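protein_36.txt (compact mmCIF, C-alpha atoms) appears below.
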```txt
# COMPACT_ATOMS: atom_id res chain seq x y z
CA MET A 16 -11.37 -52.87 5.70
CA ALA A 17 -12.48 -49.31 6.46
CA ALA A 18 -14.80 -50.52 9.20
CA GLY A 19 -12.04 -52.72 10.61
CA GLY A 20 -9.67 -49.77 10.64
CA ALA A 21 -12.25 -47.75 12.57
CA VAL A 22 -12.51 -50.52 15.17
CA VAL A 23 -8.72 -50.52 15.56
CA LEU A 24 -8.74 -46.72 15.94
CA PHE A 25 -11.38 -46.94 18.67
CA GLY A 26 -9.46 -49.72 20.43
CA ALA A 27 -6.29 -47.60 20.38
CA ALA A 28 -8.21 -44.65 21.84
CA VAL A 29 -9.51 -46.88 24.63
CA GLY A 30 -6.08 -48.26 25.45
CA VAL A 31 -4.20 -44.95 25.33
CA GLY A 32 -7.05 -43.13 27.06
CA HIS A 33 -7.16 -45.51 30.01
CA TRP A 34 -3.38 -45.26 30.38
CA ILE A 35 -3.52 -41.44 30.45
CA ARG A 36 -6.48 -41.52 32.81
CA ASN A 37 -4.71 -43.83 35.26
CA THR A 38 -1.31 -42.11 35.12
CA GLU A 39 -1.88 -38.41 34.42
CA HIS A 40 -5.53 -37.92 35.51
CA THR A 41 -6.12 -35.18 32.95
CA LEU A 42 -8.93 -36.59 30.82
CA HIS A 43 -11.89 -36.03 33.15
CA VAL A 44 -13.67 -38.91 31.40
CA ASN A 45 -14.58 -42.11 33.26
CA TRP A 46 -14.27 -44.50 30.30
CA PRO A 47 -12.11 -42.78 27.67
CA PRO A 48 -12.67 -41.82 24.97
CA LEU A 49 -16.39 -42.25 25.77
CA TYR A 50 -18.01 -39.87 28.25
CA ALA A 51 -19.67 -42.64 30.25
CA HIS A 52 -19.05 -45.18 32.93
CA SER A 53 -19.23 -48.95 32.66
CA ASP A 54 -22.62 -50.26 33.75
CA LEU A 55 -23.91 -53.60 32.49
CA HIS A 56 -27.69 -53.41 32.84
CA VAL A 57 -31.11 -53.97 31.28
CA GLY A 58 -34.22 -51.87 31.70
CA PRO A 59 -37.85 -51.39 30.69
CA GLY A 60 -36.80 -50.28 27.23
CA THR A 61 -34.79 -53.44 26.53
CA PRO A 62 -37.60 -55.62 25.09
CA ALA A 63 -38.88 -52.83 22.85
CA ALA A 64 -35.37 -51.98 21.65
CA LEU A 65 -34.65 -55.63 20.77
CA VAL A 66 -37.95 -55.99 18.89
CA LEU A 67 -37.43 -52.73 17.02
CA ALA A 68 -33.89 -53.70 16.08
CA GLY A 69 -35.17 -56.98 14.65
CA LEU A 70 -37.93 -55.24 12.70
CA LEU A 71 -35.57 -52.61 11.31
CA VAL A 72 -33.12 -55.24 10.08
CA ALA A 73 -35.76 -57.61 8.70
CA TYR A 74 -38.13 -55.12 7.10
CA GLY A 75 -36.38 -51.74 6.98
CA PRO A 76 -34.92 -52.06 3.45
CA VAL A 77 -38.16 -53.50 2.04
CA VAL A 78 -40.35 -50.80 3.60
CA ALA A 79 -37.97 -48.08 2.43
CA ARG A 80 -38.12 -49.42 -1.12
CA ARG A 81 -41.89 -49.96 -1.39
CA LEU A 82 -43.67 -47.26 0.60
CA PRO A 83 -44.90 -44.13 -1.24
CA TRP A 84 -42.52 -41.26 -0.55
CA ARG A 85 -44.68 -39.30 1.89
CA ARG A 86 -45.57 -42.41 3.85
CA LEU A 87 -41.91 -43.30 3.99
CA LEU A 88 -41.15 -39.95 5.64
CA TRP A 89 -43.84 -40.61 8.26
CA ALA A 90 -42.47 -44.11 8.78
CA ALA A 91 -38.92 -42.76 9.18
CA TRP A 92 -40.09 -40.27 11.77
CA GLY A 93 -42.10 -42.86 13.67
CA GLY A 94 -39.30 -45.40 13.53
CA SER A 95 -36.72 -42.90 14.72
CA LEU A 96 -38.99 -41.73 17.55
CA ALA A 97 -39.59 -45.31 18.72
CA TRP A 98 -35.90 -46.24 18.44
CA ILE A 99 -34.76 -43.22 20.48
CA TRP A 100 -37.40 -43.77 23.17
CA SER A 101 -36.69 -47.48 23.52
CA LEU A 102 -32.94 -46.91 23.86
CA ALA A 103 -33.43 -44.12 26.41
CA LEU A 104 -35.73 -46.29 28.51
CA ILE A 105 -33.09 -49.00 28.78
CA ASP A 106 -31.78 -46.76 31.58
CA GLY A 107 -35.28 -46.44 33.07
CA TRP A 108 -37.64 -43.48 33.21
CA GLU A 109 -35.95 -41.51 35.98
CA ARG A 110 -32.29 -42.14 35.19
CA GLY A 111 -32.66 -42.41 31.42
CA VAL A 112 -35.23 -39.72 30.72
CA ALA A 113 -36.69 -37.50 33.45
CA ARG A 114 -33.45 -36.57 35.23
CA ARG A 115 -31.24 -36.16 32.15
CA LEU A 116 -31.80 -32.41 31.80
CA THR A 117 -31.98 -31.68 35.54
CA THR A 118 -28.40 -32.47 36.64
CA ARG A 119 -26.15 -29.76 38.00
CA TYR A 120 -24.62 -29.30 34.54
CA GLU A 121 -27.89 -28.88 32.67
CA TYR A 122 -30.39 -26.28 31.48
CA LEU A 123 -33.20 -27.02 33.94
CA GLN A 124 -31.00 -25.78 36.78
CA VAL A 125 -31.71 -22.31 35.36
CA ALA A 126 -34.92 -22.68 33.33
CA GLY A 127 -37.91 -21.78 35.47
CA GLU A 128 -35.80 -19.43 37.61
CA ILE A 129 -35.08 -16.70 35.05
CA GLY A 130 -37.81 -14.19 35.82
CA ASP A 131 -37.13 -10.98 33.89
CA LEU A 132 -36.01 -11.99 30.38
CA GLY A 133 -34.55 -8.55 29.65
CA ALA A 134 -32.32 -8.63 32.72
CA PHE A 135 -31.37 -12.23 31.95
CA LEU A 136 -30.14 -11.35 28.45
CA ARG A 137 -28.43 -8.10 29.50
CA THR A 138 -26.39 -9.86 32.17
CA PHE A 139 -26.03 -13.28 30.58
CA THR A 140 -22.35 -12.84 29.63
CA ASP A 141 -21.53 -11.56 33.13
CA HIS A 142 -22.21 -15.03 34.60
CA ILE A 143 -20.23 -17.20 32.17
CA LEU A 144 -16.79 -17.20 33.84
CA LEU A 145 -16.18 -19.55 36.76
CA ASP A 146 -15.05 -16.71 39.03
CA SER A 147 -18.09 -14.57 38.25
CA PRO A 148 -20.87 -14.22 40.84
CA ASP A 149 -23.63 -16.81 40.45
CA ASN A 150 -21.88 -18.37 37.45
CA TRP A 151 -24.02 -20.46 35.15
CA PRO A 152 -23.94 -24.29 35.14
CA PRO A 153 -21.55 -25.67 32.48
CA HIS A 154 -24.07 -26.28 29.70
CA VAL A 155 -25.79 -22.92 30.17
CA ALA A 156 -22.46 -21.10 30.23
CA GLY A 157 -21.22 -23.07 27.23
CA HIS A 158 -24.03 -21.97 24.91
CA PRO A 159 -25.76 -18.76 23.85
CA PRO A 160 -28.95 -17.97 25.79
CA GLY A 161 -31.25 -19.44 23.13
CA ALA A 162 -30.59 -22.94 24.48
CA VAL A 163 -31.78 -22.35 28.03
CA LEU A 164 -34.55 -20.02 26.83
CA THR A 165 -36.08 -22.94 24.91
CA TYR A 166 -36.59 -24.84 28.16
CA GLU A 167 -37.65 -21.65 29.94
CA PHE A 168 -40.46 -21.17 27.41
CA LEU A 169 -41.54 -24.79 27.88
CA HIS A 170 -41.71 -24.10 31.61
CA ARG A 171 -43.81 -20.99 31.05
CA LEU A 172 -46.18 -22.97 28.85
CA GLY A 173 -46.82 -25.25 31.79
CA LEU A 174 -44.60 -28.08 30.54
CA GLU A 175 -42.51 -28.08 33.70
CA GLY A 176 -39.84 -30.49 34.84
CA GLY A 177 -37.47 -32.99 33.34
CA GLY A 178 -40.11 -35.30 31.89
CA TRP A 179 -41.67 -32.64 29.65
CA ALA A 180 -38.27 -31.23 28.69
CA ALA A 181 -37.10 -34.72 27.75
CA ALA A 182 -40.23 -35.46 25.72
CA TRP A 183 -39.80 -32.21 23.76
CA THR A 184 -36.13 -32.94 23.13
CA ILE A 185 -36.76 -36.48 21.87
CA LEU A 186 -39.67 -35.35 19.70
CA ALA A 187 -37.52 -32.69 18.05
CA ALA A 188 -34.51 -34.99 17.65
CA SER A 189 -36.56 -37.70 15.96
CA THR A 190 -37.54 -35.36 13.11
CA THR A 191 -33.90 -35.18 12.05
CA ALA A 192 -34.32 -38.43 10.13
CA VAL A 193 -37.02 -36.85 7.96
CA ALA A 194 -34.93 -33.74 7.27
CA LEU A 195 -31.96 -35.87 6.19
CA LEU A 196 -34.06 -37.83 3.71
CA VAL A 197 -35.74 -34.69 2.34
CA THR A 198 -32.33 -33.10 1.74
CA VAL A 199 -30.80 -36.14 0.05
CA ARG A 200 -33.81 -36.47 -2.26
CA ALA A 201 -33.93 -32.75 -3.13
CA LEU A 202 -30.24 -32.51 -4.00
CA GLY A 203 -30.02 -35.82 -5.82
CA GLY A 204 -32.76 -35.21 -8.37
CA GLU A 205 -36.32 -36.48 -8.67
CA GLU A 206 -35.48 -40.12 -9.45
CA ARG A 207 -31.85 -40.69 -8.48
CA GLY A 208 -32.18 -38.55 -5.37
CA GLU A 209 -35.23 -40.44 -4.17
CA GLU A 210 -33.56 -43.77 -4.82
CA THR A 211 -30.52 -42.67 -2.80
CA ALA A 212 -32.71 -41.40 0.03
CA ARG A 213 -34.66 -44.67 0.12
CA ARG A 214 -31.43 -46.65 0.37
CA ALA A 215 -30.25 -44.41 3.20
CA ALA A 216 -33.53 -44.46 5.15
CA PRO A 217 -33.03 -47.65 7.25
CA PHE A 218 -29.53 -46.55 8.25
CA VAL A 219 -30.72 -43.09 9.23
CA VAL A 220 -33.45 -44.55 11.43
CA ALA A 221 -31.35 -47.31 13.06
CA ALA A 222 -28.38 -45.04 13.74
CA PRO A 223 -26.34 -45.70 16.91
CA ALA A 224 -26.47 -41.91 17.32
CA ALA A 225 -29.97 -42.47 18.74
CA VAL A 226 -28.26 -43.30 22.05
CA TRP A 227 -27.26 -39.62 22.34
CA LEU A 228 -30.26 -38.13 20.56
CA GLY A 229 -32.32 -39.31 23.51
CA VAL A 230 -32.67 -36.47 26.00
CA SER A 231 -29.53 -34.64 24.96
CA ALA A 232 -30.15 -31.00 24.06
CA ASP A 233 -27.70 -31.50 21.21
CA GLY A 234 -30.32 -33.75 19.62
CA TYR A 235 -32.64 -30.72 19.58
CA PHE A 236 -29.85 -28.60 18.09
CA ALA A 237 -29.27 -31.28 15.46
CA ALA A 238 -32.94 -31.12 14.46
CA VAL A 239 -32.83 -27.35 13.99
CA ALA A 240 -29.67 -27.67 11.90
CA ALA A 241 -31.15 -30.49 9.83
CA TRP A 242 -34.31 -28.59 8.95
CA ALA A 243 -32.34 -25.44 8.16
CA LEU A 244 -30.31 -27.44 5.64
CA ALA A 245 -33.38 -29.26 4.31
CA LEU A 246 -35.19 -25.98 3.60
CA LEU A 247 -32.04 -24.61 2.02
CA ALA A 248 -31.83 -27.65 -0.26
CA LEU A 249 -35.49 -27.28 -1.26
CA ALA A 250 -34.97 -23.58 -2.01
CA ALA A 251 -31.70 -24.12 -3.90
CA THR A 252 -33.13 -26.84 -6.12
CA ARG A 253 -36.46 -25.00 -6.51
CA ARG A 254 -38.39 -28.03 -5.31
CA ALA A 255 -40.37 -25.80 -2.96
CA ARG A 256 -43.45 -24.00 -4.24
CA ALA A 257 -42.10 -20.69 -2.92
CA PRO A 258 -38.28 -20.95 -3.02
CA ARG A 259 -37.66 -17.46 -1.64
CA VAL A 260 -40.00 -17.93 1.31
CA THR A 261 -38.42 -21.34 1.94
CA ALA A 262 -34.96 -19.74 1.93
CA VAL A 263 -36.13 -17.15 4.48
CA GLY A 264 -37.44 -20.03 6.62
CA SER A 265 -34.04 -21.69 6.34
CA GLY A 266 -32.43 -18.45 7.49
CA LEU A 267 -34.74 -18.21 10.49
CA LEU A 268 -33.60 -21.66 11.58
CA PHE A 269 -29.94 -20.85 10.94
CA GLY A 270 -30.33 -17.69 13.04
CA LEU A 271 -31.89 -19.70 15.86
CA LEU A 272 -29.09 -22.26 15.53
CA CYS A 273 -26.45 -19.58 16.05
CA HIS A 274 -28.13 -18.69 19.34
CA LEU A 275 -28.40 -22.31 20.48
CA SER A 276 -24.72 -23.24 20.20
CA TYR A 277 -21.66 -21.20 19.20
CA GLY A 278 -19.98 -24.13 17.47
CA LEU A 279 -22.90 -24.65 15.13
CA VAL A 280 -21.79 -21.77 12.94
CA LEU A 281 -19.83 -24.61 11.31
CA THR A 282 -23.07 -25.77 9.72
CA GLY A 283 -22.20 -23.00 7.28
CA LEU A 284 -19.75 -25.48 5.72
CA MET A 285 -22.60 -27.91 5.18
CA ALA A 286 -24.74 -25.13 3.74
CA LEU A 287 -21.94 -24.41 1.26
CA ALA A 288 -21.99 -28.10 0.29
CA VAL A 289 -25.74 -27.87 -0.36
CA LEU A 290 -25.32 -24.77 -2.52
CA ALA A 291 -22.39 -26.36 -4.37
CA ALA A 292 -24.39 -29.51 -5.12
CA ALA A 293 -27.23 -27.36 -6.49
CA ARG A 294 -24.78 -25.05 -8.32
CA THR A 295 -26.50 -21.89 -7.15
CA ALA A 296 -26.20 -19.04 -4.67
CA ARG A 297 -29.72 -17.72 -5.28
CA PRO A 298 -31.04 -18.48 -1.77
CA VAL A 299 -28.19 -16.72 0.07
CA PRO A 300 -29.69 -13.18 0.34
CA TYR A 301 -32.98 -14.61 1.60
CA VAL A 302 -31.22 -16.86 4.10
CA LEU A 303 -29.34 -13.85 5.47
CA LEU A 304 -32.62 -11.95 5.63
CA GLY A 305 -34.08 -14.73 7.74
CA MET A 306 -31.08 -14.79 10.07
CA ALA A 307 -31.03 -11.03 10.68
CA PRO A 308 -33.98 -10.76 13.11
CA TRP A 309 -32.37 -13.13 15.60
CA PHE A 310 -29.17 -11.10 15.81
CA ALA A 311 -31.14 -7.85 15.90
CA VAL A 312 -33.46 -8.97 18.72
CA PHE A 313 -30.75 -10.55 20.88
CA THR A 314 -28.41 -7.58 20.39
CA ALA A 315 -31.16 -5.08 21.18
CA ALA A 316 -31.98 -7.08 24.32
CA GLY A 317 -28.37 -6.81 25.49
CA PHE A 318 -26.69 -10.04 24.39
CA TRP A 319 -23.89 -9.60 21.84
CA TRP A 320 -23.00 -12.94 20.29
CA PHE A 321 -19.28 -12.24 19.84
CA ASP A 322 -18.86 -11.11 23.46
CA GLY A 323 -20.55 -14.28 24.59
CA TYR A 324 -18.29 -16.45 22.46
CA SER A 325 -15.03 -14.77 23.51
CA THR A 326 -16.04 -15.08 27.17
CA LEU A 327 -16.96 -18.72 26.66
CA VAL A 328 -13.47 -19.46 25.29
CA GLU A 329 -12.01 -18.13 28.53
CA ARG A 330 -14.48 -20.22 30.59
CA TYR A 331 -13.65 -23.31 28.52
CA TYR A 332 -9.99 -23.15 29.52
CA GLN A 333 -10.89 -22.44 33.14
CA GLY A 334 -12.54 -25.86 33.38
CA ALA A 335 -11.83 -29.35 32.12
CA GLY A 336 -11.19 -28.03 28.60
CA GLY A 337 -7.99 -26.43 29.84
CA LEU A 338 -6.75 -29.72 31.33
CA ARG A 339 -7.75 -32.27 28.71
CA PRO A 340 -4.77 -32.94 26.39
CA TYR A 341 -5.27 -31.77 22.82
CA GLY A 342 -2.76 -34.33 21.55
CA TYR A 343 -5.01 -37.19 22.66
CA PHE A 344 -8.46 -35.83 21.89
CA VAL A 345 -7.57 -34.52 18.44
CA TRP A 346 -7.71 -38.14 17.25
CA ALA A 347 -9.72 -39.76 20.06
CA ASN A 348 -12.64 -37.45 19.21
CA LEU A 349 -12.79 -39.11 15.81
CA ALA A 350 -12.40 -42.56 17.35
CA VAL A 351 -15.31 -42.17 19.76
CA ASN A 352 -17.59 -41.09 16.95
CA VAL A 353 -17.20 -44.55 15.45
CA LEU A 354 -19.78 -45.44 18.11
CA THR A 355 -22.07 -42.61 16.98
CA VAL A 356 -22.10 -43.29 13.24
CA GLY A 357 -21.43 -47.05 13.31
CA PRO A 358 -19.43 -49.37 11.06
CA ALA A 359 -21.87 -49.14 8.13
CA THR A 360 -21.33 -45.38 7.93
CA VAL A 361 -17.56 -45.83 8.02
CA ALA A 362 -17.78 -48.31 5.16
CA GLY A 363 -20.02 -45.89 3.29
CA LEU A 364 -17.57 -43.05 3.86
CA ARG A 365 -14.90 -45.07 2.07
CA ARG A 366 -17.19 -45.28 -0.96
CA THR A 367 -18.06 -41.60 -0.63
CA ALA A 368 -14.39 -40.68 -0.76
CA VAL A 369 -14.06 -42.63 -3.99
CA ALA A 370 -17.10 -40.87 -5.50
CA LEU A 371 -16.12 -37.34 -4.40
CA PRO A 372 -13.54 -36.46 -7.13
CA GLY A 373 -16.03 -37.36 -9.85
CA ALA A 374 -18.74 -35.36 -8.10
CA LEU A 375 -16.52 -32.29 -7.93
CA SER A 376 -15.46 -32.50 -11.56
CA GLY A 377 -19.06 -33.04 -12.65
CA LEU A 378 -20.10 -29.71 -11.11
CA ARG A 379 -18.46 -27.94 -14.05
CA ARG A 380 -21.20 -29.27 -16.30
CA ALA A 381 -24.37 -29.54 -14.19
CA PRO A 382 -25.74 -29.75 -10.62
CA ALA A 383 -24.84 -32.94 -8.82
CA ALA A 384 -27.28 -35.84 -8.87
CA GLY A 385 -27.76 -39.12 -6.99
CA PRO A 386 -24.59 -40.45 -5.32
CA ALA A 387 -22.59 -37.40 -6.50
CA ALA A 388 -24.87 -35.05 -4.55
CA LEU A 389 -24.66 -37.38 -1.57
CA ALA A 390 -20.87 -37.34 -1.74
CA LEU A 391 -20.80 -33.52 -1.65
CA LEU A 392 -23.25 -33.38 1.26
CA VAL A 393 -21.27 -35.92 3.28
CA ALA A 394 -18.03 -34.10 2.46
CA GLY A 395 -19.48 -30.88 3.88
CA ALA A 396 -20.33 -32.67 7.12
CA ALA A 397 -16.86 -34.21 7.28
CA CYS A 398 -15.29 -30.76 6.87
CA ALA A 399 -17.41 -29.44 9.75
CA VAL A 400 -16.31 -32.36 11.95
CA LEU A 401 -12.63 -31.88 11.13
CA THR A 402 -12.79 -28.12 11.68
CA ALA A 403 -14.45 -28.61 15.07
CA ASP A 404 -11.83 -31.20 15.94
CA LEU A 405 -8.81 -29.11 14.99
CA SER A 406 -10.20 -26.02 16.74
CA GLY A 407 -9.33 -27.43 20.16
CA MET A 408 -12.76 -26.38 21.45
CA SER A 409 -14.01 -29.97 21.24
CA LYS A 410 -12.18 -32.23 23.66
CA ALA A 411 -14.28 -35.19 24.80
CA GLU A 412 -18.08 -35.53 24.74
CA THR A 413 -18.04 -35.16 20.96
CA GLU A 414 -20.29 -38.20 20.58
CA ARG A 415 -22.95 -35.74 21.78
CA ILE A 416 -21.63 -32.32 20.79
CA TRP A 417 -21.03 -33.22 17.14
CA LEU A 418 -24.48 -34.72 16.50
CA PRO A 419 -25.52 -31.82 14.22
CA PHE A 420 -22.55 -32.74 11.99
CA THR A 421 -22.13 -36.50 12.34
CA LEU A 422 -25.76 -37.30 11.56
CA TRP A 423 -25.08 -36.08 8.03
CA LEU A 424 -22.50 -38.81 7.60
CA LEU A 425 -25.16 -41.52 8.04
CA PRO A 426 -26.59 -41.36 4.47
CA ALA A 427 -23.18 -42.51 3.17
CA ALA A 428 -24.39 -46.04 3.96
CA ALA A 429 -26.72 -45.71 0.94
CA LEU A 430 -23.69 -46.53 -1.21
CA LEU A 431 -23.21 -49.98 0.32
CA PRO A 432 -23.95 -52.99 -1.93
CA ASP A 433 -27.43 -54.54 -1.76
CA ALA A 434 -26.20 -58.01 -0.87
CA ALA A 435 -24.72 -56.88 2.43
CA ARG A 436 -27.18 -54.17 3.47
CA ARG A 437 -28.97 -56.20 6.14
CA TYR A 438 -25.68 -57.29 7.69
CA TRP A 439 -24.51 -53.70 7.94
CA LEU A 440 -27.89 -52.64 9.32
CA ALA A 441 -27.70 -55.38 11.94
CA ALA A 442 -24.24 -54.15 12.93
CA GLN A 443 -25.63 -50.64 13.41
CA ALA A 444 -28.50 -51.76 15.61
CA ALA A 445 -26.31 -54.16 17.60
CA LEU A 446 -23.81 -51.40 18.32
CA ALA A 447 -26.52 -49.08 19.67
CA LEU A 448 -27.89 -51.86 21.87
CA ALA A 449 -24.42 -52.75 23.14
CA VAL A 450 -23.53 -49.16 24.07
CA ASN A 451 -26.76 -48.57 25.97
CA HIS A 452 -26.62 -51.90 27.82
CA LEU A 453 -22.90 -51.82 28.65
CA PHE A 454 -22.55 -48.14 29.62
CA PHE A 455 -24.43 -45.35 31.28
CA THR A 456 -23.70 -42.40 29.02
CA GLY A 457 -23.52 -38.88 30.40
CA TRP A 458 -23.53 -35.30 29.17
```

Would you mind writing the structure in this file as structure tokens?
Amino acid sequence: MAAGGAVVLFGAAVGVGHWIRNTEHTLHVNWPPLYAHSDLHVGPGTPAALVLAGLLVAYGPVVARRLPWRRLLWAAWGGSLAWIWSLALIDGWERGVARRLTTRYEYLQVAGEIGDLGAFLRTFTDHILLDSPDNWPPHVAGHPPGAVLTYEFLHRLGLEGGGWAAAWTILAASTTAVALLVTVRALGGEERGEETARRAAPFVVAAPAAVWLGVSADGYFAAVAAWALALLALAATRRARAPRVTAVGSGLLFGLLCHLSYGLVLTGLMALAVLAAARTARPVPYVLLGMAPWFAVFTAAGFWWFDGYSTLVERYYQGAGGLRPYGYFVWANLAVNVLTVGPATVAGLRRTAVALPGALSGLRRAPAAGPAALALLVAGAACAVLTADLSGMSKAETERIWLPFTLWLLPAAALLPDAARRYWLAAQAALALAVNHLFFTGW
């Protein structure tokens, strides 16, 4: 019933969105609520994607149950990497991979042309507004300088052009599956946590979100966020050999995250969920210690994060963000993410909502374990999604922009009953295949 309700919500968003698009012309989206245009096609990645989908459905649950834990993590990474690549190549090498980060909106329009890094950082905020001289392309202007600097450093290492940038992005994004499983296991306890993570593994790998993880810089951001939270979970539960050092490592990633995307400060809500599940605040000082160098270095170099953000808000309303109607996207954003998380996740979220009150009351007695820890983790991600939605700074393209949050909803599928797991997994894979064959997605 929950999955059916999600389908109805998406259908309503399609109907209302097309009506607004055809009458008011304010959405700036070709196929609302999805940022894409209709394009029925097949490509070189189609055979591999179909074979992988079949293997994931047929053998995913068995492999997740039987493999030793460390081998399972390697298998999850390899499976995610193959799934993302095969889906991306449905659009072909040039259109689906090599040119993704080279369009006029993207980072490679600037990366490779920066020159003096000091001057770049000192004047970065001066080029954000549309009426400023030599204003940045939309994605560069919409993020702190850490995002474009990542691709600049790749360029300086000799990994030039869209192909290398895409390969790096996909490689980073594919590790998110491992971080999710590590976090679920750490928070849930040695036995119950591992069991929950194993049940979640096939759904994490076969996620429809892989469509947008492929060659979207937000997939790279999602990986940084995922590993920051994974290290925090290991430090909070003392499952790391050096919890304090692990917490500092988490802070380093959180500091980098803040300088990759302004909106990802909302991962702080997910960090609070991790700390709540572990019933501890011990890692917090060490996390802050790890974050400090990033703010110190960027500020000393001339970029002040808060100036950048306030200027970005003005730029946002100068462009399409100022025209897109909040009244539509405040619910259509949620509808389009049905495609990102898939029906199995929606069904799992219903079960998570049922488990959440018990998980919260149980925290009075002991740290959360098993499904209770999972419920708290998923609730933190849901809070981040809702906060981003209500802020008005996310109108359209959230199937991509919210990846660092929505990926944490995927483990909710671990709560689905055994008898129906393969059917739900098949629905997930089929949805990803349908989206990539029926549409050409953009960002």

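For the set A:Leu123, A:Ala221, A:Leu174, A:Val328, the residue with the smallest atom-to-atom gap to Pro152 of chain A is A:Leu123, counting all atoms listed in the file.
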
note = One decimal place gives the atom CA of Ala350 of chain A-atom CA of Ser53 of chain A separation as 17.9 Å

key: Nearest residue to Thr295 of chain A from the set A:Arg81, A:Arg415, A:Arg253, A:Arg213 (distances using only C-alpha atoms)   = A:Arg253

Please report as CSV every residue of segment 161-217 of chain A lying within 12 Å of segment 267-291 of chain A, along with the nearest atom pair and their distance in Å (one decimal), using all atoms listed in the file.
```
residue,atom,partner,partner_atom,distance
A:Gly161,CA,A:Leu275,CA,4.8
A:Ala162,CA,A:Leu275,CA,4.6
A:Val163,CA,A:Leu275,CA,8.3
A:Leu164,CA,A:Leu275,CA,9.1
A:Thr165,CA,A:Leu275,CA,8.9
A:Tyr166,CA,A:Leu275,CA,11.5
A:Thr198,CA,A:Val289,CA,8.7
A:Val199,CA,A:Val289,CA,9.7
A:Arg200,CA,A:Val289,CA,11.9
A:Ala201,CA,A:Val289,CA,9.9
A:Leu202,CA,A:Val289,CA,7.4
A:Gly203,CA,A:Val289,CA,10.6
```

Selection: 9 Å around Val220 of chain A, only C-alpha atoms, excl. self and same-chain fewer than 6 positions, as a list of chain:residue names = A:Leu71, A:Gly75, A:Ala91, A:Trp92, A:Gly94, A:Ser95, A:Leu96, A:Trp98, A:Ser189, A:Ala192

Close residues, Arg114 of chain A itself excluded, 12 Å, only C-alpha atoms, min 5 positions apart in chain, as an MDAnalysis selection string = chainID A and resid 103 106:109 119:124 176:182 230:231 457:458

Keeping only C-alpha atoms, write those residues as a JSON list (two decimals), keeping the file's coordinate frame.
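out33.json, written as the output of this step:
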```json
[["chain", "number", "residue", "atom", "x", "y", "z"],
["A", 103, "ALA", "CA", -33.43, -44.12, 26.41],
["A", 106, "ASP", "CA", -31.78, -46.76, 31.58],
["A", 107, "GLY", "CA", -35.28, -46.44, 33.07],
["A", 108, "TRP", "CA", -37.64, -43.48, 33.21],
["A", 109, "GLU", "CA", -35.95, -41.51, 35.98],
["A", 119, "ARG", "CA", -26.15, -29.76, 38.00],
["A", 120, "TYR", "CA", -24.62, -29.30, 34.54],
["A", 121, "GLU", "CA", -27.89, -28.88, 32.67],
["A", 122, "TYR", "CA", -30.39, -26.28, 31.48],
["A", 123, "LEU", "CA", -33.20, -27.02, 33.94],
["A", 124, "GLN", "CA", -31.00, -25.78, 36.78],
["A", 176, "GLY", "CA", -39.84, -30.49, 34.84],
["A", 177, "GLY", "CA", -37.47, -32.99, 33.34],
["A", 178, "GLY", "CA", -40.11, -35.30, 31.89],
["A", 179, "TRP", "CA", -41.67, -32.64, 29.65],
["A", 180, "ALA", "CA", -38.27, -31.23, 28.69],
["A", 181, "ALA", "CA", -37.10, -34.72, 27.75],
["A", 182, "ALA", "CA", -40.23, -35.46, 25.72],
["A", 230, "VAL", "CA", -32.67, -36.47, 26.00],
["A", 231, "SER", "CA", -29.53, -34.64, 24.96],
["A", 457, "GLY", "CA", -23.52, -38.88, 30.40],
["A", 458, "TRP", "CA", -23.53, -35.30, 29.17]]
```

key: Nearest-residue call for Val239 of chain A, choices A:Val351, A:Leu145, A:Val400, A:Leu418, using only C-alpha atoms   =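 Comparing A:Val351, A:Leu145, A:Val400, A:Leu418 against Val239 of chain A, the winner is A:Leu418.
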
inquiry  = I need every residue sitting at most 10 Å from the point (-11.4, -33.0, 14.8) (coordinates as in the file, only C-alpha atoms considered), written as a list in words.
reply    =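 Neighbouring residues, ordered by chain and number, come to Phe344, Val345, Trp346, Ala347, Asn348, Leu349, Ala350, Ala397, Cys398, Ala399, Val400, Leu401, Thr402, Ala403, Asp404, Leu405, Ser406, Gly407, Met408, Ser409, Lys410, Thr413 and Trp417 of chain A.
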
query = So how many Å separate atom CA of Asp131 of chain A and atom CA of His154 of chain A, to one decimal?
reply =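 Spanning atom CA of Asp131 of chain A to atom CA of His154 of chain A is a straight-line distance of 20.5 Å.
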
key: Shell around segment 28-41 of chain A at 6 Å using all atoms listed in the file, local window under 5 positions removed, as a ChimeraX atom specification   = /A:47-48,338-339,347

Would you output that residue set with C-alpha atoms, as a PDB file, in the coordinates of the input?
```
ATOM      1  CA  PRO A  47     -12.110 -42.780  27.670  1.00  0.00           C
ATOM      2  CA  PRO A  48     -12.670 -41.820  24.970  1.00  0.00           C
ATOM      3  CA  LEU A 338      -6.750 -29.720  31.330  1.00  0.00           C
ATOM      4  CA  ARG A 339      -7.750 -32.270  28.710  1.00  0.00           C
ATOM      5  CA  ALA A 347      -9.720 -39.760  20.060  1.00  0.00           C
TER       6      ALA A 347
END
```
